[in-house]
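J.: Compact mmCIF, C-alpha atoms, saved as my_file14.txt, coming up:
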```
# COMPACT_ATOMS: atom_id res chain seq x y z
CA MET C 983 12.20 36.34 5.35
CA GLU C 984 13.17 33.42 3.16
CA LYS C 985 12.41 33.71 -0.55
CA PHE C 986 12.08 30.68 -2.80
CA GLU C 987 11.69 30.58 -6.58
CA THR C 988 11.88 26.85 -7.27
CA ILE C 989 9.61 23.99 -6.25
CA SER C 990 12.49 21.74 -5.21
CA ALA C 991 14.00 24.32 -2.84
CA VAL C 992 10.76 25.30 -1.14
CA ARG C 993 9.71 21.65 -0.79
CA GLN C 994 12.97 20.84 0.96
CA ARG C 995 12.52 23.76 3.37
CA ILE C 996 8.89 22.87 4.11
CA LYS C 997 9.86 19.25 4.72
CA HIS C 998 12.46 20.38 7.26
CA LEU C 999 9.98 22.67 9.04
CA LYS C 1000 7.35 19.93 9.17
CA SER C 1001 9.90 17.54 10.66
CA GLN C 1002 10.25 20.02 13.54
CA GLY C 1003 6.52 19.85 14.16
CA LYS C 1004 5.78 23.30 12.74
CA SER C 1005 2.28 24.03 11.42
CA ILE C 1006 2.14 25.84 8.08
CA GLY C 1007 -0.35 28.50 7.00
CA LEU C 1008 -0.63 29.46 3.33
CA VAL C 1009 -1.84 32.75 1.88
CA PRO C 1010 -1.97 32.32 -1.92
CA THR C 1011 -1.87 35.65 -3.79
CA MET C 1012 -1.32 37.09 -7.24
CA GLY C 1013 0.58 40.03 -5.78
CA ALA C 1014 -0.38 43.73 -5.75
CA LEU C 1015 -0.77 43.25 -2.01
CA HIS C 1016 -3.20 45.36 0.02
CA LYS C 1017 -4.81 45.46 3.47
CA GLY C 1018 -7.06 42.54 2.59
CA HIS C 1019 -4.02 40.34 2.09
CA MET C 1020 -2.62 41.60 5.39
CA GLU C 1021 -5.81 40.43 7.10
CA LEU C 1022 -5.30 36.95 5.65
CA ILE C 1023 -1.68 36.99 6.74
CA GLY C 1024 -2.66 38.12 10.24
CA SER C 1025 -5.18 35.27 10.50
CA SER C 1026 -2.55 32.78 9.40
CA ARG C 1027 -0.01 34.04 11.91
CA LYS C 1028 -2.52 33.67 14.74
CA ALA C 1029 -3.49 30.13 13.73
CA THR C 1030 -0.20 28.54 12.62
CA ASP C 1031 3.49 28.49 13.52
CA LEU C 1032 4.76 29.68 10.14
CA THR C 1033 3.14 31.58 7.28
CA VAL C 1034 3.97 31.07 3.62
CA VAL C 1035 2.83 33.68 1.11
CA SER C 1036 2.84 32.72 -2.56
CA ILE C 1037 2.93 35.34 -5.31
CA PHE C 1038 2.03 34.04 -8.75
CA VAL C 1039 -0.13 35.60 -11.45
CA ASN C 1040 -1.78 32.43 -12.72
CA PRO C 1041 -2.22 32.72 -16.50
CA ILE C 1042 -4.58 29.79 -16.94
CA GLN C 1043 -7.35 31.31 -14.81
CA PHE C 1044 -7.69 34.33 -17.11
CA ASN C 1045 -10.17 33.85 -19.94
CA ASN C 1046 -9.45 37.40 -21.17
CA PRO C 1047 -5.83 37.88 -22.42
CA GLU C 1048 -6.12 41.67 -22.02
CA ASP C 1049 -7.09 41.23 -18.37
CA LEU C 1050 -4.00 39.06 -17.81
CA PHE C 1051 -1.78 41.61 -19.56
CA LYS C 1052 -3.11 44.51 -17.49
CA TYR C 1053 -3.12 42.71 -14.14
CA PRO C 1054 -0.95 44.80 -11.76
CA ARG C 1055 2.48 43.34 -11.06
CA THR C 1056 4.27 45.00 -8.14
CA LEU C 1057 6.68 42.31 -6.99
CA SER C 1058 9.38 44.59 -5.53
CA ALA C 1059 6.85 46.52 -3.46
CA ASP C 1060 5.13 43.28 -2.43
CA LEU C 1061 8.39 41.79 -1.16
CA GLU C 1062 9.12 44.94 0.83
CA ILE C 1063 5.69 44.74 2.45
CA LEU C 1064 6.13 41.06 3.33
CA SER C 1065 9.59 41.70 4.74
CA ARG C 1066 8.23 44.46 7.00
CA GLU C 1067 5.45 42.13 8.09
CA GLY C 1068 8.01 39.55 9.14
CA ILE C 1069 6.69 36.82 6.87
CA ASP C 1070 8.53 33.52 7.29
CA LEU C 1071 8.60 32.27 3.69
CA VAL C 1072 7.60 33.69 0.33
CA PHE C 1073 7.27 31.50 -2.76
CA VAL C 1074 7.68 33.41 -6.02
CA PRO C 1075 7.81 30.90 -8.88
CA SER C 1076 8.01 31.73 -12.56
CA GLU C 1077 5.34 30.60 -14.99
CA LYS C 1078 7.78 28.02 -16.37
CA GLU C 1079 8.40 26.67 -12.87
CA ILE C 1080 4.70 26.08 -12.21
CA TYR C 1081 3.83 24.99 -15.75
CA PRO C 1082 6.88 23.35 -17.37
CA GLU C 1083 4.48 21.82 -19.89
CA ALA C 1084 1.03 22.74 -21.16
CA VAL C 1085 -1.59 21.55 -18.65
CA ILE C 1086 -4.01 18.94 -20.00
CA THR C 1087 -5.74 18.05 -16.72
CA GLU C 1088 -9.19 19.56 -16.30
CA PHE C 1089 -11.51 19.94 -13.31
CA ASP C 1090 -15.29 20.04 -13.67
CA PHE C 1091 -17.25 21.31 -10.69
CA GLY C 1092 -20.65 20.81 -12.29
CA PRO C 1093 -23.43 23.28 -11.47
CA MET C 1094 -21.23 25.11 -8.93
CA GLU C 1095 -19.06 26.53 -11.70
CA GLN C 1096 -21.75 27.10 -14.30
CA ILE C 1097 -23.17 30.19 -12.62
CA MET C 1098 -21.90 33.72 -12.01
CA GLU C 1099 -18.11 33.75 -12.34
CA GLY C 1100 -18.06 30.43 -14.14
CA GLN C 1101 -20.74 31.53 -16.59
CA PHE C 1102 -18.96 34.72 -17.56
CA ARG C 1103 -15.38 33.49 -17.23
CA PRO C 1104 -15.27 30.07 -18.92
CA GLY C 1105 -12.35 27.97 -17.75
CA HIS C 1106 -11.64 30.27 -14.81
CA PHE C 1107 -12.30 27.77 -12.03
CA ASN C 1108 -10.42 25.00 -13.80
CA GLY C 1109 -7.39 27.30 -13.80
CA VAL C 1110 -7.92 28.25 -10.16
CA ALA C 1111 -8.30 24.62 -9.09
CA ILE C 1112 -5.16 23.53 -10.90
CA VAL C 1113 -2.91 26.19 -9.39
CA VAL C 1114 -4.39 25.77 -5.89
CA ALA C 1115 -4.00 21.99 -6.07
CA LYS C 1116 -0.38 22.46 -7.14
CA LEU C 1117 0.33 24.92 -4.32
CA PHE C 1118 -1.25 22.58 -1.77
CA HIS C 1119 0.82 19.69 -3.11
CA ILE C 1120 4.06 21.70 -3.15
CA LEU C 1121 3.71 23.59 0.14
CA GLN C 1122 1.71 21.09 2.23
CA PRO C 1123 -0.08 23.75 4.30
CA ASP C 1124 -2.11 22.78 7.33
CA VAL C 1125 -4.44 25.74 6.74
CA ALA C 1126 -4.98 27.98 3.69
CA PHE C 1127 -6.59 31.41 3.96
CA PHE C 1128 -8.85 33.03 1.36
CA GLY C 1129 -10.94 36.19 1.29
CA GLN C 1130 -14.74 36.23 1.26
CA LYS C 1131 -14.77 38.66 -1.67
CA ASP C 1132 -14.03 35.60 -3.85
CA LEU C 1133 -16.90 33.65 -2.31
CA GLN C 1134 -17.56 31.33 -5.24
CA GLN C 1135 -13.86 30.58 -5.54
CA VAL C 1136 -13.70 29.61 -1.86
CA SER C 1137 -16.67 27.28 -2.34
CA ILE C 1138 -14.95 25.66 -5.33
CA ILE C 1139 -11.69 25.21 -3.41
CA ARG C 1140 -13.54 23.65 -0.47
CA ARG C 1141 -15.16 21.22 -2.90
CA LEU C 1142 -11.74 20.47 -4.39
CA ALA C 1143 -10.35 19.68 -0.94
CA VAL C 1144 -13.26 17.36 -0.13
CA ASP C 1145 -13.25 15.51 -3.45
CA LEU C 1146 -9.46 14.98 -3.49
CA SER C 1147 -9.19 14.22 0.26
CA ILE C 1148 -6.82 17.13 0.73
CA GLU C 1149 -6.05 17.57 4.42
CA THR C 1150 -5.51 21.35 4.23
CA ALA C 1151 -8.22 23.23 6.13
CA ILE C 1152 -9.79 26.10 4.16
CA GLU C 1153 -10.45 29.29 6.14
CA MET C 1154 -12.52 32.13 4.67
CA ILE C 1155 -11.78 35.58 6.10
CA PRO C 1156 -14.39 38.38 5.91
CA THR C 1157 -13.93 40.97 3.16
CA VAL C 1158 -11.83 43.97 4.11
CA ARG C 1159 -13.28 47.27 2.91
CA GLU C 1160 -12.33 50.90 2.50
CA GLU C 1161 -14.14 53.38 4.76
CA ASP C 1162 -16.70 54.00 1.99
CA GLY C 1163 -17.47 50.28 1.70
CA LEU C 1164 -15.50 49.39 -1.44
CA ALA C 1165 -14.08 45.87 -1.16
CA LEU C 1166 -10.30 45.91 -1.33
CA SER C 1167 -9.00 44.46 -4.59
CA SER C 1168 -5.83 44.63 -6.63
CA ARG C 1169 -8.01 45.75 -9.54
CA ASN C 1170 -8.94 48.93 -7.67
CA LEU C 1171 -5.48 50.25 -8.58
CA ARG C 1172 -6.64 50.52 -12.19
CA LEU C 1173 -9.70 52.68 -11.49
CA SER C 1174 -9.75 56.31 -12.60
CA GLU C 1175 -10.54 59.01 -10.07
CA HIS C 1176 -14.15 59.03 -11.28
CA GLY C 1177 -14.33 55.23 -11.27
CA ARG C 1178 -13.02 55.07 -7.73
CA ALA C 1179 -15.63 57.64 -6.66
CA ILE C 1180 -18.57 55.59 -7.96
CA ALA C 1181 -17.23 52.13 -7.07
CA PRO C 1182 -18.76 52.14 -3.53
CA LYS C 1183 -22.14 51.90 -5.28
CA LEU C 1184 -21.54 48.16 -5.54
CA HIS C 1185 -21.53 47.71 -1.79
CA GLN C 1186 -24.38 50.18 -1.33
CA SER C 1187 -26.48 48.22 -3.83
CA LEU C 1188 -25.81 44.98 -1.98
CA GLN C 1189 -26.80 46.60 1.30
CA ARG C 1190 -30.06 47.81 -0.23
CA CYS C 1191 -30.76 44.32 -1.55
CA LYS C 1192 -30.10 42.80 1.87
CA ALA C 1193 -32.36 45.26 3.68
CA GLU C 1194 -35.24 44.80 1.25
CA LEU C 1195 -34.93 41.01 1.10
CA LEU C 1196 -35.05 40.76 4.87
CA LYS C 1197 -38.30 42.74 4.72
CA GLY C 1198 -39.73 40.20 2.28
CA ALA C 1199 -39.19 41.95 -1.07
CA ASP C 1200 -39.67 40.01 -4.30
CA TRP C 1201 -36.19 39.40 -5.73
CA PHE C 1202 -37.12 39.72 -9.40
CA THR C 1203 -38.62 43.16 -8.84
CA LEU C 1204 -35.91 44.30 -6.43
CA LYS C 1205 -33.12 43.25 -8.77
CA LYS C 1206 -34.58 45.29 -11.64
CA GLN C 1207 -35.02 48.32 -9.38
CA VAL C 1208 -31.48 48.21 -8.01
CA ILE C 1209 -29.95 47.92 -11.48
CA ALA C 1210 -32.14 50.71 -12.86
CA GLU C 1211 -31.90 53.07 -9.88
CA GLU C 1212 -28.45 52.44 -8.38
CA LEU C 1213 -26.06 51.00 -10.95
CA LEU C 1214 -26.91 52.19 -14.46
CA PRO C 1215 -27.37 55.88 -13.47
CA ALA C 1216 -23.86 55.78 -11.95
CA SER C 1217 -22.40 54.42 -15.23
CA ILE C 1218 -21.83 51.01 -13.67
CA GLN C 1219 -22.48 48.12 -16.04
CA PRO C 1220 -23.68 45.06 -14.09
CA GLU C 1221 -22.75 41.62 -15.37
CA TYR C 1222 -24.74 39.74 -12.77
CA LEU C 1223 -26.63 40.38 -9.55
CA GLU C 1224 -27.71 37.11 -7.97
CA ILE C 1225 -28.70 35.30 -4.79
CA VAL C 1226 -26.98 32.01 -3.99
CA GLU C 1227 -27.79 29.54 -1.24
CA LEU C 1228 -24.46 28.66 0.33
CA GLU C 1229 -25.16 25.03 1.23
CA ARG C 1230 -25.01 23.90 -2.41
CA PHE C 1231 -23.88 27.20 -3.90
CA SER C 1232 -26.88 27.35 -6.19
CA LEU C 1233 -28.91 30.25 -7.53
CA THR C 1234 -32.27 31.02 -6.00
CA GLN C 1235 -35.01 33.61 -6.35
CA LYS C 1236 -36.12 33.13 -2.75
CA PRO C 1237 -33.71 31.98 -0.04
CA SER C 1238 -34.89 29.06 2.08
CA GLU C 1239 -35.91 30.12 5.56
CA GLY C 1240 -33.15 29.63 8.09
CA LYS C 1241 -30.47 28.81 5.53
CA PRO C 1242 -27.48 31.09 4.85
CA PHE C 1243 -27.34 32.84 1.50
CA ALA C 1244 -25.31 35.51 -0.26
CA ILE C 1245 -26.09 38.37 -2.60
CA CYS C 1246 -23.36 38.55 -5.23
CA ILE C 1247 -22.49 41.13 -7.85
CA ALA C 1248 -20.05 41.57 -10.73
CA ALA C 1249 -19.92 44.83 -12.66
CA TYR C 1250 -17.72 46.90 -14.92
CA ILE C 1251 -16.43 50.33 -13.93
CA ASP C 1252 -13.96 52.02 -16.31
CA ASN C 1253 -14.04 48.72 -18.22
CA ILE C 1254 -12.56 47.08 -15.10
CA ARG C 1255 -14.42 44.12 -13.67
CA LEU C 1256 -15.10 44.19 -9.92
CA ILE C 1257 -16.94 41.69 -7.72
CA ASP C 1258 -18.45 41.82 -4.24
CA ASN C 1259 -20.94 39.98 -2.04
CA LEU C 1260 -22.78 40.05 1.25
CA VAL C 1261 -23.40 36.87 3.24
CA ILE C 1262 -26.59 36.68 5.30
CA GLY C 1263 -27.41 34.12 7.97
CA GLU C 1264 -23.98 32.66 8.76
```
Rewrite the structure from the file as structure tokens, please.
T.:
Amino acid sequence: MEKFETISAVRQRIKHLKSQGKSIGLVPTMGALHKGHMELIGSSRKATDLTVVSIFVNPIQFNNPEDLFKYPRTLSADLEILSREGIDLVFVPSEKEIYPEAVITEFDFGPMEQIMEGQFRPGHFNGVAIVVAKLFHILQPDVAFFGQKDLQQVSIIRRLAVDLSIETAIEMIPTVREEDGLALSSRNLRLSEHGRAIAPKLHQSLQRCKAELLKGADWFTLKKQVIAEELLPASIQPEYLEIVELERFSLTQKPSEGKPFAICIAAYIDNIRLIDNLVIGE
């Protein structure tokens, strides 16, 4: 496994590999690697000649300084995992390497970023778009792999690629879950024993919503019931529970017949913010 810490060195290596006709897959991460990341890596290895994994905790996508401070950083363990997996290249830049100066460029994704994550995390998607655009520019991947758990983020990145004529293909890989349904996330490491025990309620609530919606339930009524009967009694504090139509990634109270949609949730457990979703119709 080759490890690179500077943009100039990794660019030179990528340029050499591309000159040999090698296709490049990118798995961008913020570290604290888990089985979900391994699924992305596995997908990349099947689809491309070489896989690059980036590890960078991106400070400008955190609107909450405490969240940034507490984000798990397990670089030594992550590198051991990637070495065992036989990863070709790992890019581990410092904050100064990625942002030698304060960033003044801003992205505005309009209505797509004004709902759900964008509503409750102002500036988040601007920070995501900047770091992803930089990684695409530096590493020149043919394909980049992202997890479905971050559904809105994937939609934003796809829009970024279209609007900037970026040639990198964006692949979304289904969410990897624990046996009890909890979506794998680096934030799960911060849950207490009690928090971990109740966290599967998020997925269970989404499943209930899906089942009832497919039977024709009224969303406004169903949403109130799920929050009152599933989440609050379990000491889970919901931030949002919404339906989005995937074509335009817009909120709806009643999905259009025949069009794919997703039920999305964000909630606090142990004061730790978790997200999840279920996609229906794709």
J.: Kindly indicate which residue among C:Ile1148, C:Ile1006, C:Ile1245, C:Leu1213 lies nearest to Gln1134 in chain C, using only C-alpha atoms for the distances.
T.: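 Among the listed residues, C:Ile1245 lies closest to Gln1134 in chain C.
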J.: Give me, as a PyMOL selection string, all polymer residues having an atom no more than 7 Å from range 1090-1103 of chain C, counting only C-alpha atoms and skipping those fewer than 6 positions away in the same chain.
T.: chain C and resi 1045+1222+1231-1232
J.: For CA of Ser1076 in chain C and CA of Val1039 in chain C, quote the distance in Å rounded to one decimal.
T.: 9.1 Å
J.: Please return as JSON, numbers by chain every residue within 8 Å of (0.3, 44.6, 11.1), taking into account only C-alpha atoms and the file's own coordinates.
T.: {"C": [1020, 1024, 1067]}
J.: Report the distance between CA of Ile1042 in chain C and CA of Ala1115 in chain C in Å, rounded to one decimal place.
T.: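 Distance reported for this atom pair: 13.4 Å.
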J.: Hey, what's within 8 Å of Val1208 in chain C if we count all atoms listed in the file and toss same-chain stuff fewer than 4 positions away? As a PDB file with C-alpha atoms, keeping the file's coordinate frame, please?
T.:
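So around.pdb came out as:
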```pdb
ATOM      1  CA  SER C1187     -26.480  48.220  -3.830  1.00  0.00           C
ATOM      2  CA  ARG C1190     -30.060  47.810  -0.230  1.00  0.00           C
ATOM      3  CA  CYS C1191     -30.760  44.320  -1.550  1.00  0.00           C
ATOM      4  CA  LEU C1204     -35.910  44.300  -6.430  1.00  0.00           C
ATOM      5  CA  GLU C1212     -28.450  52.440  -8.380  1.00  0.00           C
ATOM      6  CA  LEU C1213     -26.060  51.000 -10.950  1.00  0.00           C
TER       7      LEU C1213
END
```
J.: To one decimal place, how far is CA of Leu1195 in chain C from CA of Ala1210 in chain C in Å?
T.: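 We find that CA of Leu1195 in chain C and CA of Ala1210 in chain C lie 17.2 Å from each other.
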